[in-house]
Structure formats: C-alpha cells, structure tokens
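As structure tokens, the structure follows; a few thoughts come after it.
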Amino acid sequence: MARSDMSPPTVTARWPSIEEVDRSGAISRPISELPFRTDLREAIRLSAVHLTRLFDADKDDEPYFCANLRADGTGELVHYVNIGIPHVTGRCLLGVLLAEKTIALNIEPNALAVLERYHRASFDNEDSLNSYYDPARGGARFVEFHNLREGLYGLVVLMRVRNSEWAKSTAQKMIHTLVDLTDPDGKWSADRAIKLGMADRCEGLTEANAARLVEPLLEYHQLTGDPVSLALAQQYAEVGLRTLFEPDGTFAEMERSSGHVHSITSSLAGITRLALFLEDRETIDACRRILDVGVPEYFSTWGWGDEVYPDHSANEVGRGEINQTGDVIRAALALGLAGHTRYLDLAERYMRSMVMPTQHREAELRAFMRENLNPSDDSEFDVLNRSIGGFAMQLPNDRMQEGAWPITTLDITSGAVHAMCDFHKAVLTGHPFENRVNLMLSCGNPDFDLVSHLPRRGLLDITAHTSKTLSIRFPEWVRRLSVRVRVGEFDKLATWVGDTLVVACLTPGVRAQIEFDVACKAEREIVDGTEYSTTWVGSQVVEILPRGAVSPLPF
C-alpha cells in the first residue's frame with residue numbers, strides 16, 4: 001500500500017564534524033548546550049514509577065487507562081471499559097517487572113499487588129481469557145481478542161520475575177482455550193467459538209489480533225519448554241505474515257491488516273524473534289524486508305510512527321504512538337544482535353531521537369499544564385505529577401497538540417518501557433572472553449564501564465575491571481580512519497573486524513579513550529503531509545523545524 005503523505009529524506013547539507021555544524025550556524029545554539037537525554041536508566045525509572053501511580057482512589061484503586069489534557073490546561077484521568085483492566089494490567093505488570101529486573105528498581109509492593117489483583121480478576125472466568133464486563137450491555141462479560149497479547153504477557157512476566165504458580169496455571173489454561181479456538185489453518189474460528197459456547201462474548205477474532213500473540217507465546221515456550229505454545233506461535237506467525245504484509249515487505253491494506261500500526265509492528269516484533277529462535281532464514285529475510293520497505297511508509301527517520309493508516313476512521317494527521325516505535329526498536333535489536341548489525345543503527349536512532357525526548361518530565365509538563373486546585377474527585381487530583389514519566393500520542397516535532405489531547409496512556413508507556421529495557425540490555429553484552437558494545441550509550445557491567453559523550457562529542461571513555469577484550473561496534477556514519485585509540489598512556493593502532501573495533505590487552509583499572517569524528521547532516525522529509533527540516537549529529541536529531549507549538553522536542 002503506497003503512502004502519498006510520506007516521502008524519504010533528501011540530504012541538503014553535510015558536515016564532517018560537530019565543530020563544523022556549530023561553525024556553519026545551521027542550528028540556533030551550540031550543540032554542547034542542547035539538552036539531550038542520554039540517561040536510559042533514569043528514563044526507565046520514571047516510566048516504571050508512573051505505571052504504579054494511576055490508580056483510582058475512589059474506585060477501589062482500579063487502574064486508569066489514560067490521562068487527558070483539557071482545553072483549560074488541567075488534566076483528567078480516564079477509565080475505558082473494553083481496553084482498561086484486561087489490557088492495562090498485563091501491560092503494566094510487564095513494564096514494571098521488566099524495569100525491576102533490568103535496573104534493579106525497587107517497586108512499591110502495594111502497587112504491584114493492585115495490578116496483580118485486577119489482572120487475576122480479568123482471568124477469573126470459565127474461558128481463562130482476560131475479559132471485561134460491559135455495564136452498557138447489562139454487565140455481560142466479553143473477550144476482546146485485541147487484549148489477549150497484553151493478558152498473556154502479564155502472566156509470562158509474573159512467571160519469569162515472580163515465579164508465580166497462579167500465572168503458570170492460568171497461562172496453561174489460556175493456551176488450551178486458544179488451541180480449541182484455532183482451526184488447522186492457524187486461524188481463530190467462529191464455528192469453534194459456537195461449539196465452545198463462547199460466540200456470544202468473543203470480539204475481534206481476527207488474524208491481526210492472533211499475530212499480536214506470537215511474542216508472548218514464544219516467551220512462554222522459552223520459559224517452560226511447552227511445545228503447544230510454540231506450535232501456536234508458529235501458526236499465528238505464518239498467518240500473520242501472509243495477512244499483515246505483502247511479499248515485498250510493505251504493510252497490507254487496511255481490510256487485512258486492521259490499519260492499526262501498533263498491531264502490525266507488535267506482530268512484526270514477535271515474528272522476528274520467533275524466526276530468529278527457529279533459525280528460519282526465509283522468515284528472517286521477510287522481516288528484514290518489512291523493516292527496510294514497510295516501516296518507512298509509516299515512520300519518520302527519527303522514529304515518529306503513525307497511529308493508524310490515513311484511511312482509518314480514527315486517523316488524525318500527526319498523531320503518533322510510541323508503542324509502535326518501541327516495537328520497531330525491539331525488532332531491530334533482535335536482528336542486530338543476531339548479526340544483521342545495521343539494524344542496530346535504526347534502533348539507536350529511534351531511541352535517541354524519539355523515545356527518550358518525548359517522555360514527559362516535570363519541567364515540560366509545567367510549561368503547558370497546571371494542577372486542578374479544586375479537584376472534584378480522584379480523576380482530577382494531582383494529574384500533572386502522576387503523569388511524569390508517561391508517553392502518549394506525540395507529534396513528529398512535539399509531545400502534544402494544542403487544545404485537548406492525551407497526556408499519557410498506560411499501555412503506550414509500558415511499550416516504551418519494554419523497548420527501553422530491551423535496549424538497555426543490548427547496549428553492552430557480556431561473553432566468556434570478551435564484552436561487546438553494540439550501541440553508543442553510556443553503560444556498565446562488572447567487566448567494563450563505558451561513558452559515551454555522544455552526541456556532544458565523538459568520545460568513549462572506558463574503564464576496565466577485567467582483562468577481557470572489548471569489541472565496539474561502530475555505526476555506519478563513523479569514518480574508520482578518524483578513529484583514534486589511546487590505552488593508558490599510549491596511542492594504539494585501531495584493529496578492525498568489519499564494523500567492530502577490537503580493543504585487547506586491557507587490564508583491571510586501565511582507562512581507554514576512543515575518539516572519532518561524528519558525521520553530521522541536514523535533511524528534508526515529508527512526514528504525514530508536513531515537510532520537516534532536520535539536523536543530525538550521528539544518530540541524534542539535534543533540531544526539527546518547524547518546532548512544535550506546545551511541548552516541542554528539546555533540541
């Protein structure tokens with residue numbers, strides 16, 4: 001499906017170094033003074049804490065779905081019945097427990113207890129499928145199959161991080177129900193739902209919703225060795241690949257794909273991981289084509305991703321969603337760590353230039369939002385503070401649109417946490433005789449500490465705590481001849497293996513410095529019908545013009 005309102009970037013200027021950009025006057029402030037966000041651990045912490053703060057004190061701590069900005073500048077927390085409890089609780093458990101495991105974050109036990117209590121309640125039914133009760137239809141129970149990915153992910157993370165027997169038992173029952181609903185062609189069957197007596201409550205029995213389940217099914221298999229979940233994942237992946245994507249890698253038309261970009265990209269992330277797990281070369285190549293061809297039809301080069309197709313009834317020009325940006329990052333990381341290293345550059349570009357800059361921090365929220373000093377109930381209380389760390393429907397150049405607009409939604413924020421945690425784990429990977437730096441953010445482990453001075457300067461400071469070799473993968477924009485290595489008191493000749501610099505002969509306590517020129521450029525690009533001019537320092541956008549009007553990205 002072709003997009004008439006997106007076009008690839010055109011380079012309008014190039015500079016060989018950061019100093020040349022500053023001298024050119026291409027941006028209004030020196031790059032050294034720009035407020036870049038590079039502390040990934042702090043970003044993960046802020047979002048994870050946010051996921052534990054949106055409970056309704058007037059309604060037995062029921063989790064809200066989102067926070068919206070009103071036209072008067074105050075905020076309002078909102079419940080949604082069909083995508084609230086059965087969707088939010090599993091998604092929040094995933095984000096919070098991943099953050100706990102990834103950065104050793106101490107999560108408030110009472111908050112986790114609330115999330116688990118409501119998650120359990122959503123599965124407390126004869127189908128063992130996370131459900132909701134609709135007061136508009138007499139309180140009847142319904143299973144929205146769009147929610148099943150989030151429900152199963154909540155169970156899987158409770159198993160992995162909390163060793164929950166309830167989650168394991170419930171996941172087994174859930175998978176058995178899915179098997180009963182799935183025909184030999186790998187599709188959910190309305191006829192089977194009728195035979196099971198479930199037809200009156202099943203909503204969204206689509207191939208797009210089934211493909212969303214591939215990733216948590218794979219993780220369940222990896223935890224338990226269960227062959228049934230792996231077989232289901234394979235069935236849903238095969239159908240999803242045919243249904244959601246064309247053979248050339250483009251996204252399929254809306255009637256097949258749903259037109260909801262996050263559903264498509266979350267399926268892509270799962271299918272990619274499954275293909276790598278199975279060493280399925282044909283499907284791996286298909287996933288690479290999708291990243292190369294399909295993703296650019298709906299994403300800017302800096303990672304803004306359209307919420308829905310332009311012909312979708314919910315389309316609003318410029319409204320994005322960090323969920324799908326996170327999905328693409330995770331698919332790119334999986335391929336990059338498996339040896340297709342150029343996708344690591346894509347992941348870093350999206351993380352640096354879209355995910356981290358769009359997270360709400362207190363100072364930016366206070367610039368356009370105020371607290372309601374006379375809240376009528378909990379939904380109006382302390383909304384600004386409770387929204388710190390969140391993400392919602394960002395624009396290509398701004399966190400918010402003028403007027404009433406979503407400030408944060410819990411499932412979108414959890415998608416950002418999911419991507420940030422996967423990224424954090426991928427930055428520096430340990431191996432028996434070496435460590436590998438895959439991405440150019442500051443990082444550390446028991447073997448090495450690395451401080452990255454990007455994007456202000458092309459410099460990596462390394463402190464060794466071991467005698468292992470350190471291998472550093474450099475992005476495509478680094479000119480190899482510009483790389484200078486100094487270990488302790490001595491300059492060293494750079495040793496390259498492909499795109500990787502190998503630094504050997506390190507001993508505990510030794511400091512190494514790697515300096516290099518940073519290639520910079522200016523581009524023009526049409527994104528969702530608007531032409532933007534961007535200035536890049538390596539993998540980092542340092543300016544987007546026109547700037548947003550409400551809470552522009554901090555460049």
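FYI, nothing fancy with the structure tokens labels: chains A, B, ... in order, residues from 1 per chain, ligands from 1 as they appear.
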Check: Hey, what's within 12 Å of Thr495 in chain A if we count only C-alpha atoms and toss same-chain stuff fewer than 5 positions away? As a list in words, please?
Finding: Thr469, Leu470, Ser471, Ile472, Arg473, Arg480, Leu481, Val483, Arg484, Val485, Thr500, Leu501, Val502, Val503 and Ala504 of chain A
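Secondary structure of range 304-448 of chain A, strand (DSSP E) only (DSSP, backbone atoms): Trp405, Pro406, Ile407, Thr408, Thr409, Leu428, Thr429, Gly430, Glu434, Asn435, Arg436, Val437, Cys443, Gly444 and Phe448 of chain A.
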So that I have them on file, write out the residues from the current selection with C-alpha atoms, as a short mmCIF file (atom, residue, chain, number, x, y, z; two decimals), in the first residue's frame.
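Just written: out-v5.cif:
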data_model
loop_
_atom_site.label_atom_id
_atom_site.label_comp_id
_atom_site.auth_asym_id
_atom_site.auth_seq_id
_atom_site.Cartn_x
_atom_site.Cartn_y
_atom_site.Cartn_z
CA TRP A 405 -5.04 15.91 23.89
CA PRO A 406 -3.87 12.65 25.55
CA ILE A 407 -1.04 13.23 28.03
CA THR A 408 -0.26 9.59 28.77
CA THR A 409 -1.73 6.13 28.38
CA LEU A 428 26.78 -3.93 26.39
CA THR A 429 26.68 -7.72 26.19
CA GLY A 430 28.99 -10.00 28.13
CA GLU A 434 35.06 -10.50 25.59
CA ASN A 435 32.38 -7.85 26.01
CA ARG A 436 30.65 -6.21 23.07
CA VAL A 437 29.46 -2.63 22.90
CA CYS A 443 26.71 1.60 30.10
CA GLY A 444 28.47 -0.65 32.55
CA PHE A 448 33.70 -2.56 31.98
#
Note to self: List as number ranges by chain the protein and nucleic acid residues near His87 in chain A, meaning an atom at most 7 Å away when only C-alpha atoms are counted, but skip any in the same chain fewer than 5 places from it.
What the structure shows: A: 147, 150-151
Next item on the list: Just give me the gap between CA of Thr283 in chain A and CA of Val228 in chain A in Å, one decimal is fine.
Entry: 20.6 Å
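Using only C-alpha atoms, the nearest neighbour of Met400 in chain A within the list A:His79, A:His465, A:Arg547, A:Lys492 is A:Arg547.
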